[in-house]
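Everything below belongs to upload-v2.cif, which stores mmCIF, C-alpha atoms.
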data_target
loop_
_atom_site.label_atom_id
_atom_site.label_comp_id
_atom_site.auth_asym_id
_atom_site.auth_seq_id
_atom_site.Cartn_x
_atom_site.Cartn_y
_atom_site.Cartn_z
CA MET I 1 122.79 67.15 69.70
CA ASP I 2 119.79 66.02 67.70
CA SER I 3 118.52 63.25 69.93
CA PRO I 4 118.64 62.65 73.68
CA VAL I 5 121.17 60.24 75.09
CA ALA I 6 120.45 58.22 78.21
CA LEU I 7 123.08 58.62 80.86
CA SER I 8 123.62 57.03 84.22
CA GLY I 9 126.25 56.94 86.91
CA GLU I 10 127.91 59.68 88.88
CA TYR I 11 130.44 60.85 86.27
CA LEU I 12 128.68 62.08 83.15
CA ARG I 13 131.10 63.33 80.53
CA SER I 14 129.94 65.33 77.53
CA ALA I 15 129.33 63.61 74.21
CA ASP I 16 131.70 65.53 71.96
CA PRO I 17 131.43 66.04 68.22
CA VAL I 18 134.37 65.48 65.88
CA PHE I 19 136.03 68.81 66.53
CA SER I 20 138.03 68.77 63.31
CA ASP I 21 134.72 69.10 61.47
CA PHE I 22 134.37 72.55 63.05
CA ILE I 23 137.87 73.84 63.87
CA PRO I 24 140.93 73.53 61.61
CA PRO I 25 143.64 71.45 63.35
CA MET I 26 146.18 74.30 63.33
CA GLN I 27 143.68 76.50 65.19
CA ALA I 28 142.60 73.77 67.56
CA ARG I 29 146.04 72.59 68.57
CA ARG I 30 146.33 74.86 71.60
CA MET I 31 142.74 74.43 72.73
CA GLY I 32 141.80 72.14 75.55
CA LEU I 33 138.57 70.18 75.49
CA LEU I 34 136.47 72.92 77.09
CA LEU I 35 137.68 75.58 74.69
CA LYS I 36 136.85 73.39 71.72
CA ARG I 37 133.37 72.76 73.09
CA ALA I 38 132.88 76.47 73.73
CA VAL I 39 133.97 77.40 70.22
CA VAL I 40 131.73 74.81 68.59
CA THR I 41 128.61 75.72 70.59
CA SER I 42 129.28 79.45 70.17
CA MET I 43 129.77 79.24 66.43
CA ASP I 44 126.66 77.08 66.15
CA ALA I 45 124.56 79.56 68.17
CA LEU I 46 125.86 82.51 66.16
CA SER I 47 125.28 80.72 62.89
CA LYS I 48 121.69 79.91 63.80
CA SER I 49 121.01 83.46 64.99
CA GLY I 50 122.40 85.01 61.83
CA ILE I 51 124.63 87.31 63.89
CA SER I 52 128.25 86.76 62.98
CA SER I 53 129.78 89.27 65.39
CA PRO I 54 127.74 90.05 68.51
CA ASP I 55 128.17 93.32 70.41
CA ALA I 56 129.19 91.45 73.54
CA VAL I 57 130.65 88.11 74.53
CA ILE I 58 129.69 87.11 78.06
CA THR I 59 130.63 83.81 79.65
CA GLY I 60 129.75 82.08 82.88
CA THR I 61 132.19 79.44 84.07
CA ALA I 62 132.67 78.23 87.61
CA LEU I 63 136.08 76.66 87.16
CA GLY I 64 137.30 77.73 83.73
CA CYS I 65 139.51 75.42 81.70
CA MET I 66 140.38 72.90 84.40
CA GLU I 67 142.34 70.64 82.06
CA ASN I 68 144.83 73.43 81.38
CA THR I 69 144.81 74.63 84.97
CA GLU I 70 145.71 71.16 86.20
CA ARG I 71 148.46 70.85 83.60
CA PHE I 72 149.88 74.25 84.50
CA LEU I 73 149.84 73.59 88.25
CA GLY I 74 151.31 70.13 87.69
CA LYS I 75 154.24 71.63 85.79
CA ILE I 76 154.83 74.17 88.55
CA CYS I 77 155.02 71.28 91.03
CA ARG I 78 157.25 69.12 88.86
CA GLU I 79 159.44 71.67 87.09
CA GLY I 80 159.34 74.77 89.25
CA GLU I 81 158.40 78.25 88.11
CA GLU I 82 161.26 78.95 85.75
CA MET I 83 160.27 77.35 82.46
CA LEU I 84 156.50 77.24 82.17
CA SER I 85 154.63 77.06 78.92
CA PRO I 86 152.87 80.32 78.01
CA THR I 87 150.14 78.30 76.32
CA ASP I 88 149.19 76.44 79.49
CA PHE I 89 149.15 79.70 81.43
CA MET I 90 146.98 81.47 78.87
CA GLN I 91 144.48 78.64 78.68
CA SER I 92 144.25 78.20 82.43
CA THR I 93 142.62 81.56 83.07
CA HIS I 94 138.85 81.84 83.36
CA ASN I 95 138.53 84.54 80.70
CA THR I 96 140.27 82.49 78.01
CA ILE I 97 136.92 81.31 76.68
CA SER I 98 135.42 84.75 76.13
CA SER I 99 138.70 86.05 74.74
CA LEU I 100 139.10 83.27 72.22
CA ILE I 101 135.53 83.61 71.01
CA ALA I 102 136.00 87.37 70.66
CA ILE I 103 139.10 86.80 68.55
CA ARG I 104 137.32 84.29 66.35
CA THR I 105 134.28 86.52 65.86
CA GLY I 106 136.23 89.76 65.48
CA ASN I 107 134.44 91.18 68.51
CA LYS I 108 136.21 94.20 70.00
CA GLY I 109 133.36 95.23 72.27
CA TYR I 110 132.22 94.23 75.73
CA ASN I 111 133.85 91.05 76.95
CA CYS I 112 133.20 89.69 80.38
CA THR I 113 133.49 86.45 82.32
CA TYR I 114 131.61 85.57 85.47
CA SER I 115 133.09 82.95 87.75
CA HIS I 116 130.54 82.92 90.55
CA GLY I 117 130.18 79.22 91.20
CA GLU I 118 126.77 77.93 90.25
CA SER I 119 125.46 81.47 89.73
CA SER I 120 128.01 82.15 86.99
CA PHE I 121 125.66 81.61 84.10
CA GLY I 122 122.78 83.47 85.74
CA SER I 123 125.10 86.42 86.28
CA ALA I 124 126.19 86.34 82.64
CA LEU I 125 122.58 86.25 81.46
CA MET I 126 121.62 89.10 83.73
CA ASP I 127 124.51 91.22 82.50
CA ALA I 128 123.44 90.67 78.89
CA MET I 129 119.81 91.49 79.61
CA VAL I 130 120.60 94.64 81.56
CA GLN I 131 122.92 95.95 78.87
CA ILE I 132 120.45 95.22 76.10
CA ARG I 133 117.66 96.97 78.00
CA LEU I 134 119.90 99.95 78.67
CA GLY I 135 120.55 100.16 74.96
CA LYS I 136 124.30 99.70 75.36
CA ILE I 137 124.37 96.62 73.18
CA SER I 138 121.92 95.07 70.76
CA SER I 139 123.21 91.50 70.82
CA ALA I 140 125.23 89.27 73.11
CA LEU I 141 126.65 85.79 72.90
CA VAL I 142 126.15 84.25 76.32
CA GLY I 143 127.64 80.92 77.23
CA CYS I 144 128.05 78.56 80.14
CA HIS I 145 131.04 76.27 79.98
CA ASP I 146 132.47 73.94 82.59
CA GLU I 147 134.25 70.64 82.52
CA THR I 148 134.84 67.92 85.07
CA THR I 149 138.22 66.39 84.43
CA PRO I 150 139.05 62.93 85.77
CA GLU I 151 141.36 64.56 88.32
CA THR I 152 138.70 67.00 89.48
CA PHE I 153 136.24 64.14 89.72
CA THR I 154 138.67 62.09 91.80
CA VAL I 155 139.43 64.92 94.20
CA LEU I 156 135.83 66.04 94.66
CA SER I 157 134.64 62.45 94.95
CA ARG I 158 136.99 61.93 97.86
CA ALA I 159 135.37 64.94 99.48
CA GLY I 160 131.97 63.31 99.00
CA TYR I 161 130.78 66.00 96.60
CA PHE I 162 129.15 63.75 94.01
CA SER I 163 126.39 61.19 94.18
CA PRO I 164 124.82 59.28 91.24
CA MET I 165 121.28 60.64 91.55
CA GLN I 166 121.39 63.77 93.67
CA ASN I 167 124.53 65.38 92.39
CA PRO I 168 126.29 63.58 89.54
CA ALA I 169 129.49 65.05 88.13
CA THR I 170 128.49 66.72 84.89
CA GLU I 171 129.89 68.93 82.20
CA ILE I 172 128.26 71.75 80.30
CA SER I 173 128.84 73.79 77.21
CA VAL I 174 125.84 75.82 76.14
CA SER I 175 125.83 79.02 74.12
CA MET I 176 122.95 81.26 73.19
CA VAL I 177 122.53 84.58 71.46
CA LEU I 178 120.42 87.29 73.07
CA TYR I 179 119.35 90.17 70.92
CA GLU I 180 117.08 93.16 70.89
CA ASP I 181 114.98 92.23 67.89
CA CYS I 182 113.93 88.64 68.44
CA GLY I 183 112.47 88.37 64.94
CA SER I 184 110.78 85.02 64.48
CA ALA I 185 112.04 83.49 67.71
CA LEU I 186 109.41 81.33 69.39
CA CYS I 187 110.35 82.14 72.92
CA GLU I 188 112.40 84.67 74.81
CA LEU I 189 114.28 85.14 78.00
CA SER I 190 112.02 87.41 79.95
CA SER I 191 113.89 88.08 83.16
CA VAL I 192 116.76 86.98 85.33
CA LYS I 193 116.41 87.60 89.04
CA VAL I 194 118.58 87.02 92.05
CA ILE I 195 116.27 86.04 94.84
CA ALA I 196 116.85 85.64 98.54
CA SER I 197 117.39 82.11 99.66
CA SER I 198 114.44 79.83 99.97
CA GLU I 199 114.07 76.11 99.83
CA ASP I 200 110.55 76.49 98.48
CA ASP I 201 110.80 76.34 94.70
CA ASP I 202 107.21 77.47 94.22
CA ALA I 203 107.85 80.59 96.27
CA ILE I 204 110.88 81.42 94.12
CA ALA I 205 108.87 80.77 90.97
CA LEU I 206 106.04 83.03 92.17
CA GLU I 207 108.51 85.82 92.82
CA ALA I 208 109.99 85.39 89.37
CA LEU I 209 106.50 85.46 87.83
CA SER I 210 105.36 88.54 89.75
CA GLY I 211 104.29 91.31 87.42
CA THR I 212 104.33 89.08 84.33
CA GLY I 213 100.63 88.22 84.35
CA TYR I 214 101.36 84.52 84.63
CA SER I 215 100.40 82.30 87.52
CA LEU I 216 102.17 79.25 88.78
CA SER I 217 99.79 77.00 86.84
CA ASP I 218 100.89 78.66 83.58
CA ALA I 219 104.54 77.89 84.18
CA MET I 220 106.82 74.93 84.10
CA VAL I 221 109.15 75.10 87.07
CA ILE I 222 112.55 73.59 86.42
CA THR I 223 115.11 73.45 89.18
CA ASP I 224 118.72 72.47 89.12
CA ARG I 225 117.78 69.75 91.54
CA VAL I 226 115.73 67.96 88.89
CA SER I 227 117.34 64.68 87.94
CA GLY I 228 116.41 62.15 85.33
CA PRO I 229 117.95 59.79 82.85
CA VAL I 230 117.85 61.99 79.76
CA PHE I 231 120.33 64.56 78.50
CA GLY I 232 119.16 68.11 78.94
CA ARG I 233 117.01 67.29 81.93
CA ASN I 234 119.48 65.97 84.42
CA LEU I 235 122.39 68.37 84.26
CA SER I 236 122.83 70.37 87.38
CA LEU I 237 123.87 73.65 85.82
CA PRO I 238 121.32 76.33 84.96
CA ALA I 239 122.39 76.67 81.33
CA ALA I 240 121.22 73.20 80.46
CA GLU I 241 117.96 73.81 82.23
CA ILE I 242 117.41 77.06 80.35
CA TYR I 243 118.18 75.29 77.11
CA SER I 244 115.68 72.62 78.06
CA ALA I 245 113.07 75.20 79.13
CA ALA I 246 113.43 77.15 75.90
CA HIS I 247 112.99 73.91 73.98
CA TYR I 248 109.80 72.96 75.81
CA VAL I 249 108.36 76.46 75.84
CA GLY I 250 109.20 76.85 72.18
CA GLU I 251 107.23 73.74 71.37
CA GLY I 252 104.18 75.39 72.87
CA ARG I 253 103.83 72.97 75.73
CA THR I 254 103.55 75.71 78.31
CA PRO I 255 103.40 79.53 78.18
CA CYS I 256 106.52 80.01 80.24
CA ALA I 257 109.11 78.29 82.36
CA VAL I 258 110.91 79.35 85.48
CA VAL I 259 114.38 77.95 85.79
CA ILE I 260 115.73 78.00 89.30
CA GLY I 261 119.48 77.81 89.63
CA GLY I 262 121.91 77.81 92.50
CA SER I 263 122.26 75.30 95.25
CA CYS I 264 119.50 74.74 97.71
CA GLY I 265 120.49 76.50 100.87
CA ASP I 266 122.73 79.03 99.17
CA GLU I 267 122.39 82.61 100.23
CA ARG I 268 121.13 83.55 96.79
CA THR I 269 119.14 81.82 94.10
CA VAL I 270 118.93 82.76 90.44
CA ALA I 271 115.52 82.52 88.82
CA VAL I 272 115.26 82.82 85.05
CA LEU I 273 111.94 83.29 83.26
CA VAL I 274 111.61 81.96 79.71
CA ARG I 275 108.29 82.59 77.95
CA ILE I 276 106.58 82.30 74.60
CA LYS I 277 106.73 85.52 72.67
CA PRO I 278 103.45 87.48 72.68
CA MET M 1 173.56 67.39 62.06
CA GLU M 2 170.81 65.40 60.33
CA ASP M 3 170.02 63.60 63.57
CA LEU M 4 169.84 66.92 65.39
CA LYS M 5 167.46 68.33 62.77
CA THR M 6 165.16 65.34 63.12
CA GLU M 7 165.30 65.62 66.90
CA ILE M 8 164.42 69.33 66.74
CA LYS M 9 161.53 68.63 64.41
CA GLU M 10 160.17 66.02 66.80
CA LYS M 11 160.45 68.37 69.73
CA VAL M 12 158.82 71.22 67.78
CA ILE M 13 155.90 68.98 66.83
CA GLU M 14 155.46 67.90 70.44
CA ALA M 15 155.84 71.35 71.98
CA LEU M 16 153.56 73.10 69.52
CA LYS M 17 151.04 70.24 69.36
CA LEU M 18 151.25 70.07 65.58
CA ALA M 19 148.79 67.23 65.13
CA ASP M 20 148.94 65.29 61.87
CA ILE M 21 152.43 66.59 61.06
CA THR M 22 155.48 64.30 61.02
CA PRO M 23 159.15 65.29 60.93
CA SER M 24 159.31 64.33 57.26
CA ASP M 25 156.57 66.88 56.52
CA ILE M 26 158.79 69.73 57.69
CA ASP M 27 161.24 70.98 55.08
CA ASP M 28 164.60 72.03 56.54
CA GLU M 29 164.50 75.25 54.54
CA ALA M 30 160.78 76.04 54.88
CA PRO M 31 159.99 79.16 56.97
CA LEU M 32 158.66 78.34 60.42
CA PHE M 33 156.66 81.57 60.65
CA GLY M 34 154.33 83.18 58.16
CA GLU M 35 154.28 80.78 55.27
CA GLY M 36 155.57 77.24 55.74
CA LEU M 37 154.44 75.98 59.14
CA GLY M 38 152.54 79.21 59.82
CA LEU M 39 153.58 79.61 63.44
CA ASP M 40 152.75 82.71 65.50
CA SER M 41 154.15 84.77 68.38
CA ILE M 42 152.99 82.34 71.07
CA ASP M 43 154.81 79.59 69.22
CA ALA M 44 157.94 81.74 69.32
CA LEU M 45 157.74 81.77 73.12
CA GLU M 46 157.26 78.01 73.14
CA LEU M 47 160.31 77.58 70.89
CA MET M 48 162.43 79.70 73.24
CA LEU M 49 161.27 77.47 76.08
CA LEU M 50 162.12 74.40 74.00
CA LEU M 51 165.71 75.57 73.52
CA GLU M 52 166.14 76.31 77.21
CA LYS M 53 164.63 73.06 78.44
CA ASN M 54 166.31 70.72 76.02
CA TYR M 55 169.60 72.35 75.16
CA GLY M 56 170.28 74.76 78.00
CA ILE M 57 170.16 77.74 75.65
CA ARG M 58 168.61 80.92 77.01
CA LEU M 59 167.86 83.61 74.46
CA ALA M 60 168.55 86.75 76.47
CA ASN M 61 167.36 88.98 73.67
CA PRO M 62 164.01 87.87 72.21
CA ALA M 63 164.85 89.70 68.98
CA GLU M 64 167.61 87.15 68.50
CA GLY M 65 164.88 84.59 67.96
CA LYS M 66 164.08 86.11 64.58
CA LYS M 67 167.42 84.91 63.28
CA VAL M 68 167.36 81.58 65.12
CA PHE M 69 163.83 80.53 64.21
CA VAL M 70 163.95 81.18 60.49
CA ASN M 71 163.80 77.48 59.65
CA VAL M 72 164.94 74.09 60.95
CA ASN M 73 168.42 74.58 59.48
CA THR M 74 169.02 77.84 61.39
CA MET M 75 167.65 76.32 64.58
CA ALA M 76 169.86 73.24 64.30
CA GLN M 77 172.95 75.33 63.59
CA TYR M 78 172.26 77.61 66.55
CA VAL M 79 171.71 74.63 68.84
CA ALA M 80 174.90 72.95 67.64
CA ASP M 81 176.90 76.14 68.26
CA ASN M 82 175.42 77.11 71.63
CA ARG M 83 174.09 74.06 73.44
CA THR M 84 175.24 73.47 77.00
CA ARG M 85 173.72 70.01 77.28
#

Would you encode the structure as structure tokens?
Amino acid sequence: MDSPVALSGEYLRSADPVFSDFIPPMQARRMGLLLKRAVVTSMDALSKSGISSPDAVITGTALGCMENTERFLGKICREGEEMLSPTDFMQSTHNTISSLIAIRTGNKGYNCTYSHGESSFGSALMDAMVQIRLGKISSALVGCHDETTPETFTVLSRAGYFSPMQNPATEISVSMVLYEDCGSALCELSSVKVIASSEDDDAIALEALSGTGYSLSDAMVITDRVSGPVFGRNLSLPAAEIYSAAHYVGEGRTPCAVVIGGSCGDERTVAVLVRIKP
Amino acid sequence: MEDLKTEIKEKVIEALKLADITPSDIDDEAPLFGEGLGLDSIDALELMLLLEKNYGIRLANPAEGKKVFVNVNTMAQYVADNRTR
């Protein structure tokens, strides 16, 4: 997306591109909305990084392809378990996203999906970083993909899960490429930490900054509780915040950014440090 | 038989989500797999399901599908010979 889009309300659906511009219809016919988004963002990230086939494909998704899951479960309810479509079953699993991207990129290496609620993307990032630092891989495509279908929205709304300002229903599809040699990249992902629960964002940020030489005044602290009217700043999932942080840090507005993910009050919080390259 | 062929084409298009393809685009003699429509192994499973759901035909031996799913003509003939509904 080239320019921000103002959004309001409690059900914020993604603004999708024309998928046929990116995926041939015969290849897209079995893909649900989330898979199409994942493919487009992944191919875009890979194209911009110049890496056509990364060593690893790692995905974080809390709910996976809900559209297909709902369709599959609906058919079980309506038609029983005898004659179910293999396509709906395949697409309803969490690891469909990573698998499909691996097939499209010819990746036969490490392939992993994290479905750890709101920590899914943080876990995926951490996995990529650890493996790169251990020298097991030199590049990884890391993505965060989740959708909120109308049915999911209806059900969770009845449970009082969403609210327009504090917790709107959002969707996310963000992909990024991590690699050993950052080349001319302006900023880099410096660390991903799982930190014991605290409701004090500054305390979490300080812990994430420890040992980096930065103080709190050098950093922009972005939490998943930030809300605002502009795309990229009001989504509740960490991936969007990291994307936003990288954008701001890359523009030289601040030396680094700490992105704090996970729900306030959770047992664990994920803190991600993005900083300008030395 | 012509009506059955058209019906099968419509059901194939729907089951396999062949967007932008109409029954008239599918040649009765054109191969369904490989060249022609270019279907794959997952499509073969969907076609087996299509026969069972719509015509009550259960292919006990998946290898049989190779002969049945050659093209629309072979599918229509098999359905006409074996349908239970």

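Counting all atoms listed in the file and comparing I:Leu12, I:Ala28, I:Ala45, I:Val142, the residue that lies closest to Lys17 of chain M is I:Ala28.
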
Exercise for review: Name the residues in contact with segment 52-66 of chain M at a cut-off of 10 Å, using only C-alpha atoms, excluding same-chain residues fewer than 2 positions from it; report them as number ranges by chain.
Suggested key: I: 82-84; M: 8, 11, 33, 44-50, 68-71, 75, 78-80, 82-85

Chain and number of each residue from the PyMOL selection byres ((chain I and resi 167-179) around 6), as a tab-separated table (two decimals) with C-alpha atoms, in the coordinates of the input:
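expr-v9.tsv was written with the following content:
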chain	number	residue	atom	x	y	z
I	10	GLU	CA	127.91	59.68	88.88
I	11	TYR	CA	130.44	60.85	86.27
I	12	LEU	CA	128.68	62.08	83.15
I	13	ARG	CA	131.10	63.33	80.53
I	14	SER	CA	129.94	65.33	77.53
I	38	ALA	CA	132.88	76.47	73.73
I	41	THR	CA	128.61	75.72	70.59
I	42	SER	CA	129.28	79.45	70.17
I	45	ALA	CA	124.56	79.56	68.17
I	138	SER	CA	121.92	95.07	70.76
I	139	SER	CA	123.21	91.50	70.82
I	140	ALA	CA	125.23	89.27	73.11
I	141	LEU	CA	126.65	85.79	72.90
I	142	VAL	CA	126.15	84.25	76.32
I	143	GLY	CA	127.64	80.92	77.23
I	144	CYS	CA	128.05	78.56	80.14
I	145	HIS	CA	131.04	76.27	79.98
I	146	ASP	CA	132.47	73.94	82.59
I	147	GLU	CA	134.25	70.64	82.52
I	148	THR	CA	134.84	67.92	85.07
I	162	PHE	CA	129.15	63.75	94.01
I	163	SER	CA	126.39	61.19	94.18
I	164	PRO	CA	124.82	59.28	91.24
I	165	MET	CA	121.28	60.64	91.55
I	166	GLN	CA	121.39	63.77	93.67
I	180	GLU	CA	117.08	93.16	70.89
I	181	ASP	CA	114.98	92.23	67.89

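Nearest to chain M of all the residues I:Val274, I:Ile97, I:Met31, I:Val192 is I:Met31, based on all atoms listed in the file.
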
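What the PyMOL selection byres ((chain M and resi 29-31) around 9) grabs from this file is Ile26, Asp27, Asp28, Leu32, Phe33, Gly34, Glu35, Gly36, Leu37, Gly38, Phe69, Val70, Asn71, Val72, Asn73 and Thr74 of chain M.
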
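When atom CA of Thr254 of chain I is paired with atom CA of Ile195 of chain I, their separation reads 23.3 Å.
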
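Residue nearest chain I within the list M:Glu14, M:Ala76, M:Pro23, M:Asp81: M:Glu14 [criterion: smallest interatomic distance, only C-alpha atoms].
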